[in-house]
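Novice: For reference, this is work_24.cif, and it has mmCIF, C-alpha atoms.
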data_work
#
loop_
_atom_site.label_atom_id
_atom_site.label_comp_id
_atom_site.auth_asym_id
_atom_site.auth_seq_id
_atom_site.Cartn_x
_atom_site.Cartn_y
_atom_site.Cartn_z
CA MET A 1 62.17 -12.19 -24.03
CA SER A 2 60.29 -11.03 -20.93
CA ASN A 3 60.29 -7.46 -22.20
CA ASN A 4 58.77 -8.57 -25.49
CA SER A 5 55.94 -10.37 -23.71
CA SER A 6 55.21 -7.32 -21.57
CA LYS A 7 55.13 -5.13 -24.66
CA GLN A 8 52.77 -7.55 -26.38
CA VAL A 9 50.42 -7.57 -23.42
CA LEU A 10 50.54 -3.80 -23.16
CA LEU A 11 49.85 -3.37 -26.84
CA SER A 12 46.98 -5.86 -26.66
CA VAL A 13 45.40 -3.98 -23.77
CA ILE A 14 45.75 -0.68 -25.52
CA GLY A 15 44.30 -2.21 -28.68
CA VAL A 16 41.28 -3.57 -26.87
CA ALA A 17 40.76 -0.27 -25.05
CA ILE A 18 40.89 1.63 -28.35
CA LEU A 19 38.42 -0.85 -29.82
CA VAL A 20 36.01 -0.44 -26.88
CA VAL A 21 36.25 3.32 -27.00
CA ALA A 22 35.66 3.25 -30.72
CA VAL A 23 32.58 1.05 -30.45
CA VAL A 24 31.09 2.74 -27.40
CA GLY A 25 31.94 6.09 -28.79
CA VAL A 26 29.81 5.37 -31.79
CA SER A 27 26.92 4.39 -29.45
CA PHE A 28 27.08 7.55 -27.35
CA ALA A 29 23.99 9.69 -27.60
CA PHE A 30 24.53 13.08 -29.13
CA PHE A 31 21.68 14.41 -26.99
CA SER A 32 20.84 13.55 -23.43
CA TYR A 33 18.51 15.03 -20.87
CA THR A 34 17.72 14.00 -17.33
CA THR A 35 15.52 15.76 -14.86
CA THR A 36 13.71 14.93 -11.67
CA GLY A 37 10.49 16.41 -10.38
CA GLU A 38 11.18 18.93 -7.64
CA THR A 39 8.36 18.06 -5.31
CA PRO A 40 8.26 14.55 -3.86
CA ASN A 41 5.08 12.52 -4.08
CA THR A 42 4.28 11.23 -0.61
CA VAL A 43 1.82 8.95 1.07
CA LYS A 44 1.50 9.17 4.85
CA THR A 45 -0.56 6.70 6.77
CA GLY A 46 -3.57 7.53 8.89
CA SER A 47 -4.24 6.29 12.37
CA ILE A 48 -6.65 3.59 13.48
CA ILE A 49 -6.58 2.23 17.01
CA PHE A 50 -9.00 -0.10 18.68
CA THR A 51 -8.55 -2.12 21.83
CA ALA A 52 -11.05 -3.95 23.96
CA SER A 53 -10.92 -5.83 27.21
CA THR A 54 -13.42 -8.07 28.93
CA ASP A 55 -14.22 -9.08 32.47
CA SER A 56 -15.91 -12.46 32.62
CA LEU A 57 -18.72 -13.67 34.83
CA ALA A 58 -18.32 -16.75 37.04
CA LEU A 59 -21.63 -18.09 38.34
CA THR A 60 -21.66 -20.94 40.81
CA ASN A 61 -24.45 -22.72 42.67
CA VAL A 62 -26.92 -21.62 40.02
CA PHE A 63 -30.63 -22.43 39.88
CA PRO A 64 -33.29 -21.12 37.55
CA THR A 65 -34.11 -17.57 38.52
CA GLN A 66 -36.61 -14.92 37.55
CA SER A 67 -33.99 -12.33 36.60
CA ALA A 68 -30.33 -12.04 35.75
CA TYR A 69 -27.59 -11.69 38.33
CA THR A 70 -26.09 -8.27 38.81
CA GLY A 71 -23.51 -8.64 41.55
CA ASP A 72 -19.75 -8.50 41.37
CA GLY A 73 -18.38 -11.32 39.27
CA GLU A 74 -21.88 -12.15 38.11
CA ILE A 75 -21.81 -10.01 35.00
CA ALA A 76 -19.40 -9.85 32.11
CA THR A 77 -18.31 -6.46 30.82
CA VAL A 78 -16.58 -5.13 27.73
CA SER A 79 -14.45 -1.99 27.80
CA ILE A 80 -13.62 -0.25 24.56
CA ASN A 81 -10.93 2.19 23.49
CA GLY A 82 -10.73 3.54 19.97
CA ASN A 83 -9.72 6.43 17.82
CA THR A 84 -9.23 6.80 14.09
CA THR A 85 -8.64 9.38 11.42
CA TYR A 86 -10.38 7.09 8.91
CA ALA A 87 -13.35 8.96 7.47
CA GLU A 88 -15.79 6.10 8.04
CA GLY A 89 -14.73 5.46 11.63
CA ILE A 90 -14.54 1.99 13.17
CA ASP A 91 -17.20 -0.72 13.24
CA PHE A 92 -17.10 -3.39 15.91
CA VAL A 93 -19.03 -6.52 16.76
CA VAL A 94 -19.32 -8.26 20.13
CA ARG A 95 -20.10 -11.96 19.95
CA ALA A 96 -20.71 -14.82 22.35
CA ILE A 97 -18.64 -17.77 21.20
CA ASN A 98 -19.53 -21.21 22.43
CA VAL A 99 -16.66 -23.05 23.99
CA ALA A 100 -16.46 -26.75 23.40
CA ASN A 101 -17.36 -28.11 26.79
CA ALA A 102 -16.31 -31.72 27.22
CA ASP A 103 -17.47 -31.73 30.80
CA ALA A 104 -21.15 -31.31 30.18
CA THR A 105 -22.83 -33.98 28.12
CA ASN A 106 -26.22 -32.34 28.45
CA LYS A 107 -25.53 -28.65 28.24
CA ILE A 108 -28.29 -26.29 29.23
CA ILE A 109 -27.94 -23.03 27.41
CA PRO A 110 -28.51 -19.91 29.49
CA THR A 111 -30.27 -16.74 28.52
CA ILE A 112 -27.91 -13.93 27.67
CA THR A 113 -28.82 -10.28 28.00
CA VAL A 114 -26.84 -7.38 26.73
CA THR A 115 -27.01 -3.75 27.70
CA ALA A 116 -24.79 -1.02 26.36
CA ALA A 117 -23.92 2.35 27.73
CA ASN A 118 -25.07 5.08 25.42
CA VAL A 119 -22.38 7.61 24.66
CA PRO A 120 -23.79 10.24 22.34
CA ASP A 121 -21.85 11.53 19.34
CA LYS A 122 -18.94 9.16 19.72
CA VAL A 123 -20.26 5.63 19.86
CA THR A 124 -23.40 4.09 18.51
CA PHE A 125 -24.56 0.67 19.69
CA THR A 126 -26.88 -1.32 17.49
CA ASP A 127 -28.35 -4.81 17.33
CA HIS A 128 -28.58 -5.27 21.07
CA TYR A 129 -29.14 -8.86 21.91
CA THR A 130 -32.41 -8.93 23.79
CA GLY A 131 -32.57 -12.15 25.74
CA ASN A 132 -33.04 -14.94 23.26
CA THR A 133 -31.23 -18.12 24.14
CA ILE A 134 -27.97 -18.27 22.28
CA THR A 135 -27.09 -21.09 19.98
CA GLY A 136 -23.72 -21.23 18.31
CA ASP A 137 -21.88 -17.96 17.81
CA THR A 138 -24.25 -15.13 18.51
CA VAL A 139 -23.88 -11.44 17.80
CA LEU A 140 -24.52 -9.68 21.09
CA CYS A 141 -24.00 -6.14 19.95
CA ARG A 142 -22.69 -4.03 17.12
CA GLY A 143 -21.17 -0.63 17.50
CA HIS A 144 -19.56 2.20 15.64
CA ILE A 145 -16.98 4.78 16.68
CA ASN A 146 -17.10 8.06 14.81
CA PRO A 147 -13.92 9.35 13.15
CA ASN A 148 -11.63 11.68 15.05
CA GLN A 149 -13.39 10.93 18.33
CA GLU A 150 -11.29 9.48 21.10
CA VAL A 151 -13.29 6.83 22.89
CA ALA A 152 -12.40 5.27 26.23
CA LEU A 153 -15.44 3.45 27.62
CA THR A 154 -15.02 1.34 30.72
CA ASP A 155 -17.66 -1.39 31.06
CA ALA A 156 -19.38 -0.02 27.97
CA ILE A 157 -21.24 -3.28 27.44
CA THR A 158 -22.71 -5.49 30.15
CA ILE A 159 -23.56 -9.14 29.53
CA THR A 160 -25.51 -11.31 31.90
CA ALA A 161 -26.30 -15.02 31.82
CA PHE A 162 -28.94 -16.90 33.80
CA TYR A 163 -31.34 -19.82 33.63
CA ASP A 164 -34.77 -18.33 33.20
CA ARG A 165 -37.43 -19.89 35.45
CA THR A 166 -39.99 -19.48 32.72
CA LYS A 167 -37.91 -21.76 30.51
CA TYR A 168 -36.41 -24.33 32.89
CA HIS A 169 -38.07 -26.41 35.61
CA ILE A 170 -36.32 -29.03 37.72
CA THR A 171 -38.60 -31.94 38.43
CA ASP A 172 -38.97 -35.68 38.09
CA ASN A 173 -42.50 -35.20 36.88
CA THR A 174 -43.64 -34.57 33.35
CA LEU A 175 -45.17 -31.28 32.46
CA GLU A 176 -48.47 -33.13 32.01
CA ALA A 177 -48.23 -34.59 35.50
CA ILE A 178 -47.46 -31.22 36.97
CA THR A 179 -50.36 -29.68 35.17
CA ASN A 180 -52.73 -32.52 36.05
CA ALA A 181 -51.76 -32.23 39.68
CA GLY A 182 -53.01 -28.70 39.59
CA ILE A 183 -49.71 -27.35 40.84
CA LYS A 184 -48.67 -25.69 37.64
CA PRO A 185 -46.84 -22.55 38.65
CA ASP A 186 -47.62 -19.48 36.64
CA TYR A 187 -44.13 -19.42 35.23
CA VAL A 188 -44.50 -22.83 33.68
CA THR A 189 -45.39 -22.56 30.03
CA GLY A 190 -45.59 -24.91 27.15
CA ALA A 191 -42.02 -23.97 26.21
CA THR A 192 -40.65 -25.03 29.54
CA THR A 193 -37.77 -27.50 29.56
CA LEU A 194 -38.05 -30.05 32.33
CA VAL A 195 -34.78 -31.22 33.84
CA LYS A 196 -34.57 -34.08 36.27
CA PRO A 197 -32.85 -33.17 39.53
CA ALA A 198 -30.22 -35.85 38.96
CA ASP A 199 -29.42 -34.42 35.53
CA TRP A 200 -29.32 -30.86 36.88
CA ASN A 201 -26.97 -31.91 39.64
CA ALA A 202 -24.78 -33.81 37.21
CA LEU A 203 -24.21 -30.71 35.08
CA SER A 204 -21.80 -29.22 37.56
CA ALA A 205 -20.81 -32.26 39.62
CA ASP A 206 -17.11 -32.94 40.19
CA GLY A 207 -16.07 -29.48 39.09
CA LYS A 208 -17.77 -29.65 35.72
CA THR A 209 -19.07 -26.55 34.04
CA ALA A 210 -22.71 -26.47 33.02
CA TYR A 211 -22.08 -23.98 30.27
CA SER A 212 -19.35 -21.64 29.17
CA PHE A 213 -18.87 -19.09 26.49
CA LYS A 214 -16.30 -16.51 25.54
CA ILE A 215 -16.82 -12.97 24.43
CA GLN A 216 -15.15 -12.02 21.21
CA ILE A 217 -14.79 -8.50 19.88
CA ASN A 218 -13.94 -7.86 16.22
CA ALA A 219 -13.27 -4.40 14.84
CA THR A 220 -12.86 -3.30 11.24
CA GLN A 221 -12.64 -0.03 9.43
CA GLY A 222 -16.07 1.52 9.07
CA THR A 223 -18.04 1.15 5.90
CA ALA A 224 -20.44 3.59 4.33
CA GLY A 225 -23.20 0.98 4.46
CA ARG A 226 -22.82 0.15 8.15
CA LEU A 227 -25.74 -0.21 10.50
CA GLN A 228 -26.31 2.86 12.63
CA MET B 1 85.22 17.23 -42.86
CA GLU B 2 82.60 18.90 -40.81
CA ASN B 3 82.42 21.84 -43.26
CA ASN B 4 81.91 19.51 -46.17
CA VAL B 5 78.92 17.88 -44.46
CA LYS B 6 77.35 21.30 -43.80
CA LYS B 7 77.86 22.34 -47.41
CA GLY B 8 76.30 19.13 -48.64
CA THR B 9 73.23 19.61 -46.42
CA ILE B 10 72.73 23.20 -47.53
CA SER B 11 73.10 22.19 -51.17
CA SER B 12 70.47 19.45 -50.74
CA ILE B 13 67.95 21.84 -49.18
CA ILE B 14 68.47 24.46 -51.85
CA GLY B 15 68.12 21.80 -54.52
CA ALA B 16 64.87 20.53 -53.09
CA ILE B 17 63.44 24.05 -52.91
CA LEU B 18 64.40 24.69 -56.51
CA ILE B 19 62.71 21.48 -57.65
CA ILE B 20 59.51 22.43 -55.83
CA LEU B 21 59.52 25.93 -57.24
CA ILE B 22 60.11 24.62 -60.74
CA VAL B 23 57.32 22.04 -60.56
CA VAL B 24 54.76 24.28 -58.91
CA GLY B 25 55.78 27.27 -60.95
CA VAL B 26 55.46 25.32 -64.16
CA THR B 27 51.99 24.11 -63.06
CA TYR B 28 50.73 27.59 -62.32
CA ALA B 29 52.19 28.91 -65.43
CA PHE B 30 50.83 26.15 -67.58
CA PHE B 31 47.15 26.39 -66.71
CA SER B 32 45.04 28.29 -64.27
CA TYR B 33 41.28 28.13 -63.72
CA THR B 34 39.05 29.32 -60.96
CA LYS B 35 35.35 28.68 -60.64
CA THR B 36 32.94 29.22 -57.72
CA GLY B 37 29.70 27.26 -57.57
CA GLU B 38 26.59 29.36 -57.53
CA THR B 39 24.78 27.33 -54.87
CA SER B 40 26.38 27.21 -51.49
CA ASN B 41 26.69 23.91 -49.66
CA GLN B 42 25.26 24.57 -46.22
CA ILE B 43 25.27 22.72 -42.94
CA SER B 44 22.76 23.93 -40.36
CA THR B 45 22.04 22.25 -37.04
CA GLY B 46 18.79 20.35 -36.60
CA GLU B 47 16.28 21.50 -34.03
CA ILE B 48 15.90 19.27 -31.00
CA SER B 49 14.13 19.95 -27.74
CA PHE B 50 12.83 17.92 -24.84
CA GLN B 51 11.17 19.18 -21.69
CA PHE B 52 9.69 17.67 -18.56
CA ILE B 53 7.17 19.99 -16.94
CA ASP B 54 6.20 19.15 -13.38
CA GLY B 55 2.53 19.50 -12.41
CA ASP B 56 0.50 18.39 -9.41
CA GLU B 57 2.06 16.13 -6.84
CA ILE B 58 0.67 13.41 -4.60
CA ASN B 59 0.39 14.47 -0.98
CA ILE B 60 -1.85 11.97 0.79
CA THR B 61 -1.73 12.51 4.54
CA ASN B 62 -4.36 10.16 5.93
CA ALA B 63 -3.92 7.01 3.90
CA PHE B 64 -5.58 3.69 4.58
CA PRO B 65 -5.49 0.58 2.44
CA ILE B 66 -7.85 0.73 -0.53
CA SER B 67 -8.61 -1.59 -3.41
CA THR B 68 -6.76 -1.45 -6.71
CA ALA B 69 -9.92 -0.20 -8.41
CA GLU B 70 -10.24 2.60 -5.85
CA GLY B 71 -6.58 3.47 -6.32
CA ILE B 72 -6.92 3.78 -10.07
CA ALA B 73 -10.03 5.90 -9.60
CA LEU B 74 -8.25 8.45 -7.37
CA THR B 75 -8.70 12.00 -8.57
CA GLY B 76 -8.34 15.53 -7.33
CA GLU B 77 -5.80 17.68 -5.60
CA ASN B 78 -3.10 15.87 -3.59
CA ASN B 79 -4.23 12.48 -4.88
CA ILE B 80 -2.55 12.41 -8.28
CA CYS B 81 0.78 13.38 -9.81
CA THR B 82 0.70 15.06 -13.20
CA PHE B 83 3.44 16.11 -15.59
CA VAL B 84 3.98 16.89 -19.24
CA ILE B 85 6.60 15.85 -21.72
CA LYS B 86 7.20 18.27 -24.54
CA GLY B 87 9.57 17.71 -27.40
CA ASN B 88 10.42 17.67 -31.04
CA ILE B 89 13.27 16.57 -33.20
CA ALA B 90 13.89 17.61 -36.79
CA GLN B 91 15.25 14.23 -37.75
CA GLY B 92 15.46 10.90 -35.96
CA ASP B 93 13.98 10.04 -32.56
CA ILE B 94 14.37 10.92 -28.91
CA ASN B 95 13.93 7.96 -26.61
CA TYR B 96 12.84 8.67 -23.06
CA THR B 97 12.29 6.72 -19.85
CA ILE B 98 10.05 7.65 -16.94
CA THR B 99 11.27 6.32 -13.61
CA ALA B 100 9.99 6.55 -10.06
CA ILE B 101 12.96 7.08 -7.77
CA GLU B 102 13.31 7.33 -4.01
CA GLY B 103 11.84 10.59 -2.73
CA ASP B 104 12.82 12.65 0.27
CA PRO B 105 13.05 11.14 3.74
CA SER B 106 10.24 12.07 6.09
CA THR B 107 10.63 15.17 8.20
CA ASP B 108 7.44 14.39 10.09
CA PRO B 109 8.44 13.04 13.52
CA SER B 110 5.29 10.92 13.62
CA LYS B 111 6.09 9.26 10.27
CA THR B 112 9.55 7.87 10.64
CA ASN B 113 9.30 4.44 9.02
CA ARG B 114 9.35 3.89 5.29
CA PHE B 115 6.53 1.78 3.91
CA TYR B 116 7.19 -1.71 2.61
CA ASP B 117 7.67 -1.49 -1.20
CA GLU B 118 5.30 -4.36 -1.97
CA GLY B 119 2.44 -2.62 -0.19
CA ILE B 120 2.55 0.50 -2.37
CA PHE B 121 0.85 0.25 -5.74
CA MET B 122 1.43 2.61 -8.66
CA TYR B 123 -0.41 3.35 -11.85
CA ILE B 124 0.44 5.47 -14.88
CA GLU B 125 -1.78 6.75 -17.64
CA SER B 126 -1.24 9.09 -20.55
CA ASP B 127 -3.23 10.64 -23.32
CA ASP B 128 -2.65 9.46 -26.86
CA VAL B 129 -0.62 11.93 -28.87
CA GLU B 130 0.76 11.60 -32.35
CA GLY B 131 4.48 12.18 -32.38
CA ILE B 132 5.20 11.05 -28.81
CA THR B 133 4.67 7.39 -28.07
CA PHE B 134 4.49 5.84 -24.62
CA THR B 135 4.53 2.23 -23.47
CA PRO B 136 3.88 1.62 -19.76
CA THR B 137 5.86 -1.06 -18.03
CA GLU B 138 3.76 -4.20 -17.88
CA GLY B 139 1.21 -4.10 -15.10
CA TYR B 140 1.38 -0.40 -14.28
CA GLN B 141 -1.49 0.43 -16.57
CA GLU B 142 -3.65 -1.70 -14.29
CA GLY B 143 -1.97 -0.84 -10.96
CA LYS B 144 0.83 -2.94 -9.55
CA ALA B 145 3.10 -3.13 -6.51
CA VAL B 146 6.18 -0.95 -6.70
CA GLY B 147 8.36 -3.86 -5.64
CA ALA B 148 11.54 -1.83 -5.46
CA LEU B 149 12.85 1.61 -6.37
CA PRO B 150 13.97 2.85 -8.84
CA LEU B 151 11.00 1.66 -10.85
CA VAL B 152 10.73 2.22 -14.59
CA LEU B 153 7.11 3.18 -15.19
CA GLY B 154 7.40 3.25 -18.95
CA THR B 155 9.33 4.30 -22.01
CA GLY B 156 8.53 6.23 -25.14
CA THR B 157 9.81 7.95 -28.22
CA VAL B 158 9.51 11.47 -29.53
CA THR B 159 9.21 11.47 -33.29
CA ALA B 160 7.42 14.79 -33.62
CA ARG B 161 8.88 17.24 -36.12
CA THR B 162 7.12 20.13 -34.50
CA GLU B 163 6.77 20.79 -30.80
CA THR B 164 4.28 18.34 -29.29
CA THR B 165 3.16 17.69 -25.69
CA ARG B 166 1.94 14.56 -23.95
CA ASN B 167 0.23 14.55 -20.54
CA PHE B 168 0.88 11.94 -17.87
CA THR B 169 -0.83 11.03 -14.61
CA VAL B 170 0.71 8.85 -11.91
CA LYS B 171 -1.25 7.50 -8.95
CA MET B 172 0.05 5.83 -5.82
CA TRP B 173 -1.79 4.15 -2.96
CA ILE B 174 -1.64 1.52 -0.24
CA ASP B 175 -3.32 -1.57 -1.64
CA ASP B 176 -5.64 -3.60 0.56
CA SER B 177 -4.90 -6.80 -1.35
CA VAL B 178 -1.51 -6.80 0.33
CA VAL B 179 -1.56 -4.58 3.40
CA ARG B 180 -3.37 -5.47 6.61
CA ILE B 181 -3.64 -3.61 9.87
CA LYS B 182 -4.07 -6.35 12.36
CA ASP B 183 -4.22 -6.31 16.14
CA ARG B 184 -5.01 -9.54 17.87
CA GLU B 185 -3.81 -11.31 20.93
CA ASP B 186 -2.69 -14.41 19.08
CA ASN B 187 -1.13 -12.55 16.18
CA THR B 188 2.10 -14.29 15.33
CA ASP B 189 2.08 -13.26 11.71
CA THR B 190 5.14 -11.12 11.09
CA THR B 191 4.72 -10.76 7.34
CA ASP B 192 6.09 -7.44 6.10
CA SER B 193 2.73 -6.31 4.81
CA ILE B 194 0.91 -6.86 8.11
CA TYR B 195 1.20 -3.99 10.53
CA THR B 196 -0.12 -3.42 13.99
CA SER B 197 -2.01 -0.18 14.56
CA ASP B 198 1.04 1.39 16.18
CA GLU B 199 3.35 0.35 13.36
CA TYR B 200 0.93 1.47 10.68
CA MET B 201 0.47 5.00 11.91
CA SER B 202 4.22 5.72 11.72
CA LEU B 203 4.66 4.97 8.01
CA TYR B 204 5.38 7.11 4.98
CA TYR B 205 6.38 6.55 1.36
CA SER B 206 7.96 9.07 -0.95
CA ILE B 207 8.94 9.02 -4.60
CA LYS B 208 10.03 11.47 -7.25
CA ILE B 209 9.49 11.22 -10.98
CA GLN B 210 12.62 11.20 -13.08
CA VAL B 211 12.70 11.50 -16.85
CA GLU B 212 15.73 10.65 -18.91
CA ALA B 213 15.94 11.27 -22.65
CA ASN B 214 18.53 10.36 -25.24
CA ALA B 215 18.89 10.80 -28.96
#
Could you write out this structure as structure tokens?
Specialist:
Amino acid sequence: MSNNSSKQVLLSVIGVAILVVAVVGVSFAFFSYTTTGETPNTVKTGSIIFTASTDSLALTNVFPTQSAYTGDGEIATVSINGNTTYAEGIDFVVRAINVANADATNKIIPTITVTAANVPDKVTFTDHYTGNTITGDTVLCRGHINPNQEVALTDAITITAFYDRTKYHITDNTLEAITNAGIKPDYVTGATTLVKPADWNALSADGKTAYSFKIQINATQGTAGRLQ
Amino acid sequence: MENNVKKGTISSIIGAILIILIVVGVTYAFFSYTKTGETSNQISTGEISFQFIDGDEINITNAFPISTAEGIALTGENNICTFVIKGNIAQGDINYTITAIEGDPSTDPSKTNRFYDEGIFMYIESDDVEGITFTPTEGYQEGKAVGALPLVLGTGTVTARTETTRNFTVKMWIDDSVVRIKDREDNTDTTDSIYTSDEYMSLYYSIKIQVEANA
């Protein structure tokens, strides 16, 4: 009985196998050809590197002055490193970004000046910010690094901030009163902002910050239409 | 007893032979006719041929992400892969498939990491030839991410009765709609298609074109 079952199973398997071979056999191609191209097609990436670092300024005990500060810790600097094999080089932008300052209710915006070291043939600086008072996010400088030129510029860009005496005057008097009193200093102009001493003092009282900003550097691959 | 059996067997064989001789002999003797047709019935093999002829290859060594339109517009030496399919079949069709398969591993010590498949786009185009049809896989006539290898770029059929050729061009690039090179202090994005500068410069991608034909 067991032997008969085994034989039946065996015969069934053989039958199915013959059937499969018969069907597939009919489907087999009479011609087949396969080949593969000998040389591989390859894409290898290029290189684009850009890094930047900043040193920030920290001004304390500030009053309106005639010129910007230049001492240690009184200027912000940007150092740049870059190198690329990209044909259009690297474009970069340096911006001053306002920081939300909850401390100061009456912020007084300083004058920012930007100077950039000129490094011929490798880096081009454009759009230097030239001393207008910043509002919002302000482009301080644009630059471009040429392709295949290794750039390592320490303190390539210098940024200063100060309250310009020609723009700010600390007094309890009105500009009219000052003028009428005949004591109008030559640096006082019609565009002068008068700040009461109490308000000036309150700007930085109890550890508050009168104004703060951050420096942001963005770099992208160069474009053919970039500013030079 | 044993002898009788042998005799019987021999007698049976002899009898059978006699019967055959009588029947066949009578047939031959009764009527005989021989005729050879004038036209021969011939079987000759049909002509079939299929060839893949390799042409230019892609060898881009300083690749940066570009747009799909720029990728499709690539031309010139080292930027495009070209090949030809040549074939004919006397009767019936030859069906063929063009596939991009994994190429060779990099031997460049500065390019040791294989590119992410979704960041590589491919495109295939072909001239229009009577006798060899071609249908690109959907999307690869407009440029599309490889996705994964092997990748069937298209299929076609040779119906030509005389030898016919069809030209093909394949393009491959890093597409800027997907790939970003991004360095930033607060970068926490670890998406496969976003590379740092250091990661990006170590990448390569390699494919070969394979053609398979059946009839």
Novice: Any idea which chain B residues end up within 6 Å of chain A if we count only C-alpha atoms, as a ChimeraX atom specification please?
Specialist: /B:54,57-63,103,197,201,203-215
Novice: Evaluated on this file, the PyMOL selection byres ((chain A and resi 64-77) around 8) picks out some residues - which ones are they, written as a ChimeraX atom specification?
Specialist: /A:54-59,62-63,78-79,155-166,168-169
Novice: Store the residues of this selection in a file with C-alpha atoms, as a PDB file, keeping the file's coordinate frame.
Specialist:
ATOM      1  CA  THR A  54     -13.420  -8.070  28.930  1.00  0.00           C
ATOM      2  CA  ASP A  55     -14.220  -9.080  32.470  1.00  0.00           C
ATOM      3  CA  SER A  56     -15.910 -12.460  32.620  1.00  0.00           C
ATOM      4  CA  LEU A  57     -18.720 -13.670  34.830  1.00  0.00           C
ATOM      5  CA  ALA A  58     -18.320 -16.750  37.040  1.00  0.00           C
ATOM      6  CA  LEU A  59     -21.630 -18.090  38.340  1.00  0.00           C
ATOM      7  CA  VAL A  62     -26.920 -21.620  40.020  1.00  0.00           C
ATOM      8  CA  PHE A  63     -30.630 -22.430  39.880  1.00  0.00           C
ATOM      9  CA  VAL A  78     -16.580  -5.130  27.730  1.00  0.00           C
ATOM     10  CA  SER A  79     -14.450  -1.990  27.800  1.00  0.00           C
ATOM     11  CA  ASP A 155     -17.660  -1.390  31.060  1.00  0.00           C
ATOM     12  CA  ALA A 156     -19.380  -0.020  27.970  1.00  0.00           C
ATOM     13  CA  ILE A 157     -21.240  -3.280  27.440  1.00  0.00           C
ATOM     14  CA  THR A 158     -22.710  -5.490  30.150  1.00  0.00           C
ATOM     15  CA  ILE A 159     -23.560  -9.140  29.530  1.00  0.00           C
ATOM     16  CA  THR A 160     -25.510 -11.310  31.900  1.00  0.00           C
ATOM     17  CA  ALA A 161     -26.300 -15.020  31.820  1.00  0.00           C
ATOM     18  CA  PHE A 162     -28.940 -16.900  33.800  1.00  0.00           C
ATOM     19  CA  TYR A 163     -31.340 -19.820  33.630  1.00  0.00           C
ATOM     20  CA  ASP A 164     -34.770 -18.330  33.200  1.00  0.00           C
ATOM     21  CA  ARG A 165     -37.430 -19.890  35.450  1.00  0.00           C
ATOM     22  CA  THR A 166     -39.990 -19.480  32.720  1.00  0.00           C
ATOM     23  CA  TYR A 168     -36.410 -24.330  32.890  1.00  0.00           C
ATOM     24  CA  HIS A 169     -38.070 -26.410  35.610  1.00  0.00           C
TER      25      HIS A 169
END
Novice: Which value, in Å to one decimal, gives the distance between atom CA of Thr165 of chain B and atom CA of Ser126 of chain B?
Specialist: 10.9 Å
Novice: Using the chain letters and numbers from the file, which residues does the PyMOL selection byres ((chain B and resi 129) around 10) grab, as a PDB file with C-alpha atoms, keeping the file's coordinate frame?
Specialist:
ATOM      1  CA  SER B 126      -1.240   9.090 -20.550  1.00  0.00           C
ATOM      2  CA  ASP B 127      -3.230  10.640 -23.320  1.00  0.00           C
ATOM      3  CA  ASP B 128      -2.650   9.460 -26.860  1.00  0.00           C
ATOM      4  CA  GLU B 130       0.760  11.600 -32.350  1.00  0.00           C
ATOM      5  CA  GLY B 131       4.480  12.180 -32.380  1.00  0.00           C
ATOM      6  CA  ILE B 132       5.200  11.050 -28.810  1.00  0.00           C
ATOM      7  CA  THR B 133       4.670   7.390 -28.070  1.00  0.00           C
ATOM      8  CA  PHE B 134       4.490   5.840 -24.620  1.00  0.00           C
ATOM      9  CA  ALA B 160       7.420  14.790 -33.620  1.00  0.00           C
ATOM     10  CA  THR B 164       4.280  18.340 -29.290  1.00  0.00           C
ATOM     11  CA  THR B 165       3.160  17.690 -25.690  1.00  0.00           C
ATOM     12  CA  ARG B 166       1.940  14.560 -23.950  1.00  0.00           C
ATOM     13  CA  ASN B 167       0.230  14.550 -20.540  1.00  0.00           C
TER      14      ASN B 167
END
Novice: What would the selection look like, as a ChimeraX atom specification, if the PyMOL selection byres ((chain B and resi 49) around 9) were run on the coordinates I just shared?
Specialist: /B:47-48,50-51,86-89,163
Novice: Considering all atoms listed in the file, return as a list in words whatever protein or nucleic-acid residues lie within 8 Å of Asp93 of chain B, sequence-local ones (same chain, fewer than 6 positions apart) excluded.
Specialist: Thr157, Val158, Thr159 and Ala215 of chain B
Novice: What is the atom CA of Ile194 of chain B to atom CA of Asp117 of chain B distance in Å?
Specialist: 12.7 Å
Novice: As an exercise, work out the distance from atom CA of Leu140 of chain A to atom CA of Asp91 of chain A in Å and give it to one decimal place.
Specialist: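 Straight-line distance from atom CA of Leu140 of chain A to atom CA of Asp91 of chain A works out to 14.0 Å.
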Novice: Could you give me, as a ChimeraX atom specification, the residues within 8 Å of segment 168-173 of chain B, counting only C-alpha atoms and dropping anything in the same chain fewer than 4 positions from it?
Specialist: /A:43 /B:58,63,65-66,71-72,74,79-85,120-127
Novice: Show me as a list in words the residues that reach within 12 Å of (-30.2, -34.9, 37.0), counting only C-alpha atoms and using the file's own coordinates.
Specialist: Ala104, Thr105, Asn106, Lys107, Ile108, His169, Ile170, Thr171, Asp172, Leu194, Val195, Lys196, Pro197, Ala198, Asp199, Trp200, Asn201, Ala202, Leu203, Ser204, Ala205 and Ala210 of chain A
Novice: Quick one: of A:Thr209, A:Ser53, A:Asn83, A:Thr113, who's nearest to Asn148 of chain A, counting all atoms listed in the file?
Specialist: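 Among the listed residues, the smallest separation from Asn148 of chain A belongs to A:Asn83.
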Novice: Considering only C-alpha atoms, can you say which of B:Gly154, B:Phe64, B:Ser177, B:Gly143 comes closest to Gly222 of chain A?
Specialist: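 The closest residue to Gly222 of chain A is B:Phe64.
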